[in-house]
file model_38.txt (compact mmCIF, C-alpha atoms)
# COMPACT_ATOMS: atom_id res chain seq x y z
CA LYS A 238 8.82 121.40 139.40
CA ILE A 239 9.97 122.14 142.95
CA PRO A 240 7.13 121.64 145.48
CA ILE A 241 7.64 122.40 149.16
CA SER A 242 5.69 119.52 150.74
CA ASN A 243 4.83 115.92 149.96
CA TRP A 244 1.17 116.96 149.79
CA LEU A 245 2.01 119.18 146.81
CA VAL A 246 4.08 116.37 145.33
CA SER A 247 0.99 114.13 145.36
CA VAL A 248 -1.14 116.89 143.81
CA LEU A 249 1.33 117.41 140.97
CA ARG A 250 1.73 113.69 140.37
CA ASP A 251 -1.84 112.47 140.82
CA LEU A 252 -3.85 115.38 139.42
CA TYR A 253 -1.52 116.76 136.77
CA GLY A 254 0.65 113.80 135.85
CA VAL A 255 3.89 115.64 136.64
CA THR A 256 6.81 113.30 137.34
CA ASP A 257 9.80 115.66 137.07
CA ILE A 258 9.64 116.71 140.72
CA ALA A 259 12.25 117.75 143.29
CA LEU A 260 10.93 118.17 146.83
CA VAL A 261 12.58 121.09 148.67
CA PRO A 262 10.78 121.96 151.95
CA ASN A 263 10.67 125.46 153.37
CA ALA A 264 12.81 126.37 156.35
CA VAL A 265 12.72 129.00 159.08
CA ASP A 266 15.22 131.59 160.24
CA ARG A 267 16.92 130.04 163.28
CA SER A 268 18.22 133.41 164.37
CA MET A 269 14.58 134.48 164.76
CA PHE A 270 12.84 131.31 165.97
CA PHE A 271 14.54 129.65 168.92
CA ALA A 272 14.00 129.15 172.65
CA ALA A 273 15.86 127.99 175.74
CA PRO A 274 14.74 124.70 177.33
CA ARG A 275 12.08 125.07 180.00
CA ASP A 276 9.64 123.00 182.03
CA LYS A 277 5.88 122.80 181.55
CA ASN A 278 3.74 125.78 182.41
CA PRO A 279 1.96 125.69 185.79
CA ARG A 280 -1.18 126.32 183.75
CA PRO A 281 -1.27 124.23 180.54
CA THR A 282 -1.10 126.55 177.54
CA ALA A 283 -1.94 125.95 173.89
CA SER A 284 -1.34 128.38 171.06
CA MET A 285 -2.79 128.67 167.57
CA MET A 286 -3.18 131.02 164.64
CA TYR A 287 -6.67 132.49 164.28
CA SER A 288 -8.13 132.89 160.79
CA GLY A 289 -11.65 133.27 159.46
CA LYS A 290 -10.72 131.41 156.27
CA ALA A 291 -12.50 128.06 156.29
CA PHE A 292 -9.54 126.04 155.01
CA LYS A 293 -7.47 127.07 158.05
CA GLY A 294 -9.69 124.94 160.30
CA THR A 295 -9.91 127.41 163.18
CA ASP A 296 -13.35 126.03 164.01
CA THR A 297 -11.90 122.53 164.40
CA SER A 298 -9.12 123.72 166.73
CA LEU A 299 -11.52 125.73 168.88
CA GLU A 300 -13.94 122.81 169.20
CA ALA A 301 -11.02 120.54 170.15
CA LEU A 302 -10.04 123.00 172.86
CA ARG A 303 -13.59 123.08 174.18
CA LEU A 304 -13.65 119.29 174.38
CA ALA A 305 -10.20 119.10 175.99
CA ARG A 306 -11.26 121.63 178.62
CA GLN A 307 -13.88 119.19 179.86
CA THR A 308 -10.91 117.24 181.25
CA LEU A 309 -8.42 120.12 181.59
CA PRO A 310 -10.61 123.08 182.61
CA ASP A 311 -7.60 125.33 183.23
CA LEU A 312 -6.25 124.87 179.68
CA HIS A 313 -5.33 128.36 178.48
CA LEU A 314 -5.32 129.53 174.85
CA VAL A 315 -2.95 132.07 173.37
CA ALA A 316 -3.91 132.97 169.81
CA PHE A 317 -2.61 135.34 167.16
CA GLY A 318 -3.78 136.48 163.76
CA THR A 319 -4.08 139.32 161.28
CA GLU A 320 -7.79 139.90 161.87
CA ARG A 321 -10.05 140.55 164.83
CA PRO A 322 -12.05 137.50 165.92
CA ALA A 323 -15.44 137.39 164.23
CA PRO A 324 -18.71 137.04 166.19
CA GLY A 325 -19.46 133.87 164.26
CA LEU A 326 -16.13 132.33 165.22
CA PRO A 327 -15.44 133.57 168.75
CA LEU A 328 -12.45 132.72 170.90
CA PRO A 329 -12.93 131.45 174.47
CA PRO A 330 -13.54 134.40 176.84
CA ASP A 331 -10.23 134.04 178.69
CA THR A 332 -8.08 133.78 175.53
CA THR A 333 -4.97 135.94 175.22
CA TYR A 334 -5.12 137.30 171.66
CA HIS A 335 -2.31 139.04 169.75
CA LEU A 336 -3.38 141.04 166.69
CA SER A 337 -0.70 141.14 163.96
CA PRO A 338 2.22 140.48 166.32
CA PRO A 339 5.81 141.10 165.15
CA GLN A 340 8.06 138.12 164.46
CA ALA A 341 9.84 138.43 167.80
CA SER A 342 6.51 138.19 169.61
CA LEU A 343 5.61 135.06 167.64
CA ARG A 344 8.77 133.43 168.92
CA ASP A 345 7.79 134.27 172.49
CA ILE A 346 4.28 132.86 171.94
CA TYR A 347 5.61 129.55 170.62
CA ALA A 348 8.29 129.30 173.30
CA ALA A 349 5.80 129.88 176.10
CA SER A 350 3.32 127.28 174.79
CA ASP A 351 3.02 123.66 175.83
CA LEU A 352 1.66 122.76 172.41
CA TYR A 353 0.70 124.40 169.12
CA LEU A 354 -2.57 123.59 167.32
CA PHE A 355 -2.60 123.34 163.53
CA GLY A 356 -6.10 122.58 162.28
CA SER A 357 -5.87 123.30 158.55
CA ARG A 358 -8.04 121.32 156.17
CA VAL A 359 -5.68 121.93 153.23
CA GLU A 360 -2.35 123.73 153.18
CA GLY A 361 0.53 124.15 150.75
CA PHE A 362 3.03 124.08 153.61
CA GLY A 363 2.02 125.64 156.95
CA LEU A 364 5.17 127.40 158.16
CA PRO A 365 3.94 127.86 161.78
CA VAL A 366 4.47 124.12 162.27
CA LEU A 367 8.22 124.53 161.77
CA GLU A 368 8.32 127.85 163.61
CA ALA A 369 6.74 126.25 166.68
CA MET A 370 9.06 123.25 166.56
CA ALA A 371 12.09 125.54 166.23
CA CYS A 372 10.99 127.13 169.51
CA GLY A 373 10.71 123.76 171.27
CA CYS A 374 6.91 123.61 171.07
CA PRO A 375 5.30 120.26 170.14
CA VAL A 376 2.53 120.36 167.54
CA VAL A 377 -0.91 118.78 167.35
CA ALA A 378 -1.68 118.94 163.64
CA THR A 379 -3.99 117.72 160.95
CA ARG A 380 -2.47 115.76 158.09
CA ALA A 381 -2.16 118.82 155.88
CA GLY A 382 0.73 120.70 154.32
CA CYS A 383 4.12 119.96 155.86
CA ALA A 384 2.79 118.45 159.10
CA PRO A 385 2.98 114.78 157.97
CA ASP A 386 6.54 115.41 156.75
CA PHE A 387 7.88 116.82 160.02
CA VAL A 388 5.66 115.90 162.99
CA VAL A 389 6.79 112.59 164.49
CA PRO A 390 3.80 111.18 166.41
CA GLY A 391 4.59 110.66 170.08
CA LYS A 392 7.87 112.59 169.86
CA SER A 393 7.39 116.03 168.32
CA GLY A 394 3.59 115.98 168.47
CA HIS A 395 0.55 114.16 167.12
CA LEU A 396 -1.23 113.93 163.76
CA VAL A 397 -5.01 113.73 163.37
CA ASP A 398 -7.44 113.80 160.47
CA ALA A 399 -8.92 117.09 159.33
CA ASP A 400 -12.38 117.98 160.68
CA ASP A 401 -11.96 115.65 163.66
CA PRO A 402 -12.04 117.78 166.83
CA GLN A 403 -12.56 114.70 169.00
CA ALA A 404 -9.24 113.22 167.81
CA MET A 405 -7.50 116.57 168.23
CA ALA A 406 -8.85 116.93 171.77
CA LYS A 407 -7.61 113.46 172.64
CA ALA A 408 -4.19 114.35 171.23
CA ILE A 409 -4.08 117.47 173.40
CA LEU A 410 -4.81 115.42 176.50
CA ASP A 411 -2.38 112.66 175.48
CA MET A 412 0.43 115.17 175.08
CA ARG A 413 -0.25 116.68 178.47
CA LEU A 414 -0.44 113.27 180.15
CA GLN A 415 2.70 112.01 178.42
CA LYS A 416 4.52 115.18 179.50
CA LEU A 417 5.96 115.64 176.03
CA THR A 418 5.92 119.36 176.53
CA GLY A 419 8.55 119.30 179.25
CA LEU A 420 10.57 116.10 178.90
CA GLU A 421 10.88 115.97 175.09
CA ARG A 422 11.99 119.52 174.32
CA GLU A 423 15.63 118.59 173.72
CA LYS A 424 14.59 115.68 171.49
CA LEU A 425 12.24 118.00 169.61
CA ARG A 426 15.05 120.48 169.03
CA ALA A 427 17.38 117.68 167.86
CA ASP A 428 14.73 116.44 165.41
CA TYR A 429 14.35 119.94 164.07
CA GLU A 430 18.11 120.36 163.64
CA ALA A 431 18.19 117.12 161.66
CA LEU A 432 15.40 118.40 159.42
CA LEU A 433 17.33 121.60 158.75
CA GLU A 434 20.39 119.59 157.75
CA ARG A 435 18.31 117.55 155.33
CA ILE A 436 16.78 120.70 153.81
CA ALA A 437 20.24 122.27 153.42
CA TYR A 438 21.41 119.14 151.61
CA TYR A 439 18.48 119.31 149.18
CA GLN A 440 19.24 122.96 148.51
CA SER A 441 22.91 122.21 147.84
CA VAL A 442 21.92 119.49 145.36
CA LEU A 443 19.70 121.91 143.48
CA ALA A 444 22.50 124.46 143.35
CA SER A 445 25.16 122.04 142.06
CA GLU A 446 24.98 120.34 138.67
CA ALA A 447 27.94 118.14 139.65
CA MET A 448 26.09 116.84 142.73
CA ARG A 449 23.00 116.13 140.66
CA MET A 450 25.03 114.19 138.08
CA ASP A 451 26.76 112.19 140.82
CA LEU A 452 23.38 111.25 142.30
CA ILE A 453 22.03 110.22 138.89
CA LYS A 454 25.15 108.09 138.22
CA ALA A 455 24.87 106.44 141.64
CA GLU A 456 21.20 105.63 141.10
CA LEU A 457 21.85 104.22 137.61
CA GLN A 458 24.69 102.10 138.99
CA GLU A 459 22.41 100.80 141.75
CA ILE A 460 19.72 99.93 139.20
CA ARG A 461 22.31 98.17 137.00
CA GLU A 462 23.65 96.10 139.90
CA LYS A 463 20.19 95.18 141.12
CA TYR A 464 18.37 94.41 137.89
CA ALA A 465 20.90 93.88 135.09
CA ASP A 466 21.10 90.30 133.79
CA ALA A 467 23.96 88.74 131.89
CA ARG A 468 23.31 88.42 128.15
CA ARG A 469 21.51 85.16 127.46
CA THR A 470 22.11 85.04 123.71
CA HIS A 471 25.24 85.04 121.61
CA ILE A 472 25.30 86.84 118.31
CA GLU A 473 27.70 85.56 115.63
CA TYR A 474 28.63 87.42 112.46
call {"tool": "encode", "arguments": {"input": "model_38.txt", "output": "structure tokens"}}
result
Amino acid sequence: KIPISNWLVSVLRDLYGVTDIALVPNAVDRSMFFAAPRDKNPRPTASMMYSGKAFKGTDTSLEALRLARQTLPDLHLVAFGTERPAPGLPLPPDTTYHLSPPQASLRDIYAASDLYLFGSRVEGFGLPVLEAMACGCPVVATRAGCAPDFVVPGKSGHLVDADDPQAMAKAILDMRLQKLTGLEREKLRADYEALLERIAYYQSVLASEAMRMDLIKAELQEIREKYADARRTHIEY
């Protein structure tokens, strides 16, 4: 079994008893998702994906924005999605909304944002997290999908519990106050490059039987050196 996030690893292991697991995270196209370093926006800007599906947690992200605006009233939202906002789940009146934007436009949205909001309750992976990071945009995310694997709290973003808009709002304000959006962009990009190198290594291991055998031999040798005891009995014939 080859899951793409540690969350799926835990599901396979804990719910289905699967132990033959090789974690290989998704990656993004770096020729498509990238951005030049820049300073913070004069008007703080958050971006997010809009979805009416309950598990995506759009309601949590919007409530967090409402709470954060009590302290940062000029906080602007740029959202995108494949559906028009529903009356029961409206966006703030001054939101900039992109309906079914092309990939190049997504890159521009991420690159022009001071932070990206990821409010999913459950998620197999959540590729926008990596897309945003590839464009130098820190992420405020719930502990769902790939977010716990890649978001380094205080460096590339913040992690909060699902269904906790108060914690998400605080994270939004903390990021703005800590100026992570401007001063940490190069560190964020370096972290992302390191993640890509790790993913490429995992993929090369999967593609090479020789590499897999070398890893198995090395692990067996380590186990032998750590736990093997000298024979304590002598057998005579």
call {"tool": "atom_distance", "arguments": {"input": "model_38.txt", "atom1": "atom CA of Ser350 of chain A", "atom2": "atom CA of Pro262 of chain A"}}
result
24.6 Å
call {"tool": "residues_near_point", "arguments": {"input": "model_38.txt", "point": "(21.0, 124.1, 155.6)", "cutoff": "12 Å", "atoms": "all atoms listed in the file", "output": "number ranges by chain"}}
result
A: 261-267, 429-442
call {"tool": "closest_residue", "arguments": {"input": "model_38.txt", "among": "A:Gly356, A:Pro339, A:Pro329, A:Pro279", "to": "Met405 of chain A", "atoms": "only C-alpha atoms"}}
result
A:Gly356
call {"tool": "atom_distance", "arguments": {"input": "model_38.txt", "atom1": "atom CA of Ala369 of chain A", "atom2": "atom CA of Ser247 of chain A"}}
result
25.2 Å
call {"tool": "atom_distance", "arguments": {"input": "model_38.txt", "atom1": "atom CA of Leu309 of chain A", "atom2": "atom CA of Ile409 of chain A"}}
result
9.6 Å
call {"tool": "axis_aligned_box", "arguments": {"input": "model_38.txt", "around": "segment 392-408 of chain A", "padding_each_side": "6 Å", "output": "lines of an AutoDock Vina configuration file"}}
result
center_x = -2.3
center_y = 115.3
center_z = 166.0
size_x = 32.4
size_y = 17.4
size_z = 25.3
call {"tool": "closest_residue", "arguments": {"input": "model_38.txt", "among": "A:Asp401, A:Glu368, A:Glu320, A:Glu300", "to": "Phe271 of chain A", "atoms": "only C-alpha atoms"}}
result
A:Glu368
call {"tool": "closest_residue", "arguments": {"input": "model_38.txt", "among": "A:Lys407, A:His335, A:Arg321, A:Arg344", "to": "His395 of chain A", "atoms": "only C-alpha atoms"}}
result
A:Lys407
call {"tool": "closest_residue", "arguments": {"input": "model_38.txt", "among": "A:Arg449, A:His313, A:Arg380, A:Lys277", "to": "Leu396 of chain A", "atoms": "all atoms listed in the file"}}
result
A:Arg380
call {"tool": "closest_residue", "arguments": {"input": "model_38.txt", "among": "A:Ala273, A:Leu336, A:Ala291, A:Cys383", "to": "Arg358 of chain A", "atoms": "all atoms listed in the file"}}
result
A:Ala291
call {"tool": "closest_residue", "arguments": {"input": "model_38.txt", "among": "A:Gly254, A:Val315, A:Leu249, A:Ser445", "to": "Ile346 of chain A", "atoms": "only C-alpha atoms"}}
result
A:Val315
call {"tool": "residues_near_point", "arguments": {"input": "model_38.txt", "point": "(14.8, 117.3, 141.6)", "cutoff": "12 Å", "atoms": "all atoms listed in the file", "output": "number ranges by chain"}}
result
A: 238-241, 246, 256-261, 439-446, 448-450, 452-453
call {"tool": "decode", "arguments": {"input": "model_38.txt", "residues": "segment 313-325 of chain A", "atoms": "N, CA and C atoms", "output": "short mmCIF file (atom, residue, chain, number, x, y, z; two decimals), in the first residue's frame"}}
result
data_model
loop_
_atom_site.label_atom_id
_atom_site.label_comp_id
_atom_site.auth_asym_id
_atom_site.auth_seq_id
_atom_site.Cartn_x
_atom_site.Cartn_y
_atom_site.Cartn_z
N HIS A 313 -8.21 41.38 3.83
CA HIS A 313 -8.89 41.11 2.57
C HIS A 313 -8.86 39.61 2.25
N LEU A 314 -9.93 39.10 1.67
CA LEU A 314 -10.01 37.69 1.29
C LEU A 314 -10.06 37.56 -0.22
N VAL A 315 -9.19 36.70 -0.74
CA VAL A 315 -9.24 36.28 -2.14
C VAL A 315 -9.54 34.79 -2.14
N ALA A 316 -10.65 34.42 -2.76
CA ALA A 316 -11.08 33.02 -2.75
C ALA A 316 -11.24 32.51 -4.17
N PHE A 317 -11.17 31.19 -4.31
CA PHE A 317 -11.39 30.57 -5.61
C PHE A 317 -12.12 29.24 -5.40
N GLY A 318 -12.77 28.77 -6.44
CA GLY A 318 -13.50 27.52 -6.33
C GLY A 318 -14.13 27.15 -7.66
N THR A 319 -14.76 25.98 -7.68
CA THR A 319 -15.40 25.50 -8.90
C THR A 319 -16.90 25.69 -8.86
N GLU A 320 -17.40 26.38 -7.87
CA GLU A 320 -18.83 26.61 -7.74
C GLU A 320 -19.09 28.04 -7.28
N ARG A 321 -20.26 28.54 -7.58
CA ARG A 321 -20.62 29.89 -7.13
C ARG A 321 -20.98 29.82 -5.64
N PRO A 322 -20.59 30.82 -4.87
CA PRO A 322 -20.91 30.81 -3.44
C PRO A 322 -22.41 30.67 -3.21
N ALA A 323 -22.75 29.83 -2.25
CA ALA A 323 -24.15 29.55 -1.95
C ALA A 323 -24.69 30.57 -0.95
N PRO A 324 -25.99 30.89 -1.03
CA PRO A 324 -26.58 31.84 -0.07
C PRO A 324 -26.41 31.41 1.39
N GLY A 325 -26.38 30.09 1.61
CA GLY A 325 -26.22 29.61 2.98
C GLY A 325 -24.78 29.62 3.47
#
